Every structure is written in C-alpha cells, then in structure tokens.
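Reviewing the structure listed below.
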Amino acid sequence: MAGLRGQTAIVTGAARGIGEAFARRLVAEGCNLTVTDRLERVRAVGDELGATTVLGDVADPAHVWEAVGRTVDVYGSIDILVNNAGEAWATGPNDDWDRAAADYERIFGSNTKGAFLFGRAVAPIMAAGGGGNIVNVSTDHVKPGPGCDRLHGHGGMDLYNASKWALNGLTFDWARSLADSGIRVNNLCMGATETEMLRRVLGPKPDPAYQATWMQPEQTAQILVELLQEGSAGRTADSIGLYAGEPSVMPPPE
Ligand SMILES: NC(=O)c1ccc[n+]([C@@H]2O[C@H](COP(=O)([O-])OP(=O)(O)OC[C@H]3O[C@@H](n4cnc5c(N)ncnc54)[C@H](O)[C@@H]3O)[C@@H](O)[C@H]2O)c1
C-alpha cells in the first residue's frame, strides 16, 4: 500500500458534493491540493483545507492552464488528477433543436472536454515526475450494476450518458499511451450518491426507499484513496463500479 503523504493532487468540481469529499479526504491523507470549481464556494473549501484554489470553468483552456500552472508553481509537481467536475440534467431525442445544441455544448464541456483538457495539461508534468494517477469520474450508467438490463436502465439523460461514455475513450487510450510513463488512468463509476446533483435530477420528492440506498460522498472518497494507494503497480484502464444499495467496497481489478 503506497502512502499519499506529500503527493500533489488536483480535484476539479470541489466546491461541493463528491469533489468536496475527495478534497477533504486527500488533505487528510497528507496530499498537497489544488481545488477548482466555477462556484465561488470553492474558495471557502480551499481556504479551510489550506489548498490552492482556482476559480473557473473546466471547459475553458485558459482556466485549465492556470490551475495546472499554479499547482506546479506552488508544489513543484502533480501526482494525482481527479476529473470530478460534471453536471447532469434530463435530455432526450425529442428536445427542442436549439436547446439540444446548447445542452450538448454545456454537458460535454463540463463532463468530457474538462477531463480532456486537464488530462492533456497534466500528463507531461506527471511523466516528467516519474508517474502519477488520473481518475475520471464517470457513472454507473456506463458500468451498470447488478440486475441492470442491456440498455443500462437509465433513459432520459442521453447527453450525460454519452459524455460519460466518451470518458472511456480517454481513459482507455491514456492508460495505454501513458503506461510507459508510469501513469495509471481509471474510471470511478458510481451510482446514486447523495449530492445536490442527484437531488436536482430526481426532484424534490425522491422515492424514500431508493433514497435509503444512496451512497454518501465519503464512501466514494474511501474508494478513491484505496485506488491511489495501490501505487505504481496498481490497476490501470479499470472502471470501478460502486452501486447504491450494494456494499461500498473496492472491487478486484478486471
Ligand atoms: N451524485 C451522483 O449520484 C453521481 C453519480 C454518478 C456520477 N456522479 C458524478 O460525480 C461527479 C460529481 O458530482 P456531484 O454529484 O458531486 O455533483 P454536484 O453538482 O454536487 O457537484 C459538481 C461540482 O462540479 C462543478 N462543475 C460542474 N461543471 C463545471 C464546470 N464546467 N467547470 C467547473 N466546475 C464545474 C459544480 O459547480 C459543482 O461544484 C460528477 O462528474 C457526476 O457526474 C455523481
């Protein structure tokens, strides 16, 4: 088990929810941290954790460059990138044309382009430092849990689903392309986790029986840490499924 103390991490989308839980846990493990988000609240999170904070949109190359540059300036290296920022709302093939085009830009910008830009920016820095970890935050819509059907059981979010499937292309290509540089690249594919995103998607009165199964962000943070602690010999190109209502344990590598 590799310790994380002294490693430098970037967590995107850390103003709240799962990203905030990742940030808190990585600092508790002794990491140097940069947090980013487009919400002002990320400043309070960063200040409390003693992290470097960069406000901006992950789909904006200038923001990505600034976040990565400041991290190197402050800490001298980057060992861990957690591409967590993302957003979701209902979309589908019968949506209004103009709305659909705008939804595509926004959802793919946050969920796919942001991960792409951050990955591109950090890979040479990690490689120069001898290796690292890139973790792309995906969803169980991409890696369906027990009992899901062939269509993965989640209609009504076509752009969200497509944007997260697109992460597979980055994850699997980068895992292969960056293996010789000692960089591991994996997907975290969690199911329903209690955050503002989930509450917005499901509305004000979610089914109480379903709600009782939701994971807490801290459980996902535990799995993130276990993934990172695998060290340089750990898994790469894996999609780690975590499912609401199932035990939250690290599955063996596939
Ligand atoms: N909550 C769930 O049930 C669930 C399930 C599967 C996957 N996920 C994934 O987990 C990740 C975190 O989601 P969450 O549930 O904590 O949501 P959340 O809405 O609570 O937090 C997401 C954070 O990302 C930030 N963000 C979004 N788009 C951004 C952008 N373009 N630039 C900068 N910041 C941006 C938001 O401002 C917010 O602070 C997302 O990638 C989401 O798709 C969540």
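Letters A, B, ... go to the chains of the structure tokens in the order shown; residues in each chain start at 1; ligands are counted from 1 in the same order.
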Could you give me, as CSV, every range 154-202 of chain A residue with an atom at most 9 Å from range 232-235 of chain A, plus its closest atom pair and distance in Å to one decimal, counting only C-alpha atoms, rows ordered by chain then number?
residue,atom,partner,partner_atom,distance
A:Gly182,CA,A:Ser232,CA,6.7
A:Ile183,CA,A:Ser232,CA,7.8
A:Arg184,CA,A:Arg235,CA,7.1
A:Val185,CA,A:Arg235,CA,8.3
A:Asn186,CA,A:Arg235,CA,7.8
Keeping only C-alpha atoms, take the residues you just selected and write them out as a CSV table (one decimal), in the first residue's frame.
chain,number,residue,atom,x,y,z
A,182,GLY,CA,4.2,5.3,-15.0
A,183,ILE,CA,0.7,7.0,-15.2
A,184,ARG,CA,-2.3,5.0,-14.3
A,185,VAL,CA,-5.7,6.0,-15.6
A,186,ASN,CA,-9.0,4.7,-14.3
Could you please extract the residues within 6 Å of ligand 1, counting only C-alpha atoms and all ligand atoms, and hand them back as a VMD selection string? chain A and resid 13 to 19 37 to 39 56 to 59 84 to 87 110 137 to 139 190 to 198
What separation in Å, quoted to one decimal, exists between CA of Ala179 in chain A and CA of Ala115 in chain A?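 CA of Ala179 in chain A sits 18.2 Å away from CA of Ala115 in chain A.
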Can you pull out every residue from range 69-117 of chain A that DSSP, working from the backbone, puts in strand (DSSP E or B), and format the result as a list in words? Ile80, Leu81, Val82, Asn83 and Thr91 of chain A
Spatial neighbours of Gly155 in chain A, max dist 12 Å, only C-alpha atoms, sep filter under 4 positions, as a list in words: Trp89, Ala90, Thr91, Gly92, Pro93, His141, Asp149, Arg150, Leu151, Leu159, Tyr160, Asn161 and Ala162 of chain A
Which of A:Thr236, A:Gln216, A:Ser248, A:Thr52 sits closest to Asn136 in chain A [using only C-alpha atoms]: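 Between A:Thr236, A:Gln216, A:Ser248, A:Thr52, the residue approaching Asn136 in chain A most closely is A:Thr236.
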Using backbone DSSP assignments, extract all helix (DSSP H, G or I) residues from range 1-237 of chain A; output them as a ChimeraX atom specification. /A:17-28,41-49,61-75,97-128,158-177,179-181,196-202,208-211,217-229,231-233
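Take the candidates A:Leu170, A:Ala62, A:Met126, A:Ile80 and check each one against Gln229 in chain A using only C-alpha atoms; the shortest distance goes to A:Ile80.
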Need the shell around Gly3 in chain A: protein/DNA/RNA residues with any atom at most 12 Å away, counting only C-alpha atoms. Skip same-chain ones fewer than 5 positions apart. Format as a list in words? Leu26, Ala28, Glu29, Gly30, Cys31, Val225, Glu226, Leu227, Leu228, Gln229, Glu230, Gly231 and Ser232 of chain A
Find the distance between CA of Val27 in chain A and CA of Asp73 in chain A and write it in Å to one decimal.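 Value for the CA of Val27 in chain A-CA of Asp73 in chain A distance: 18.6 Å.
The shortest atom-to-atom distance to Leu178 in chain A, with only C-alpha atoms taken into account, belongs to A:Ile125 out of A:Ile125, A:Ala209, A:Ala166, A:Leu224.
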Between A:Trp97, A:Phe118, A:Phe22, A:Tyr104, smallest distance to Met157 in chain A by only C-alpha atoms belongs to A:Tyr104
Which is closer to Ser163 in chain A than all the others in A:Ser181, A:Thr220, A:Asn111, A:Asn133, using only C-alpha atoms?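 Closest to Ser163 in chain A, using only C-alpha atoms: A:Asn111.
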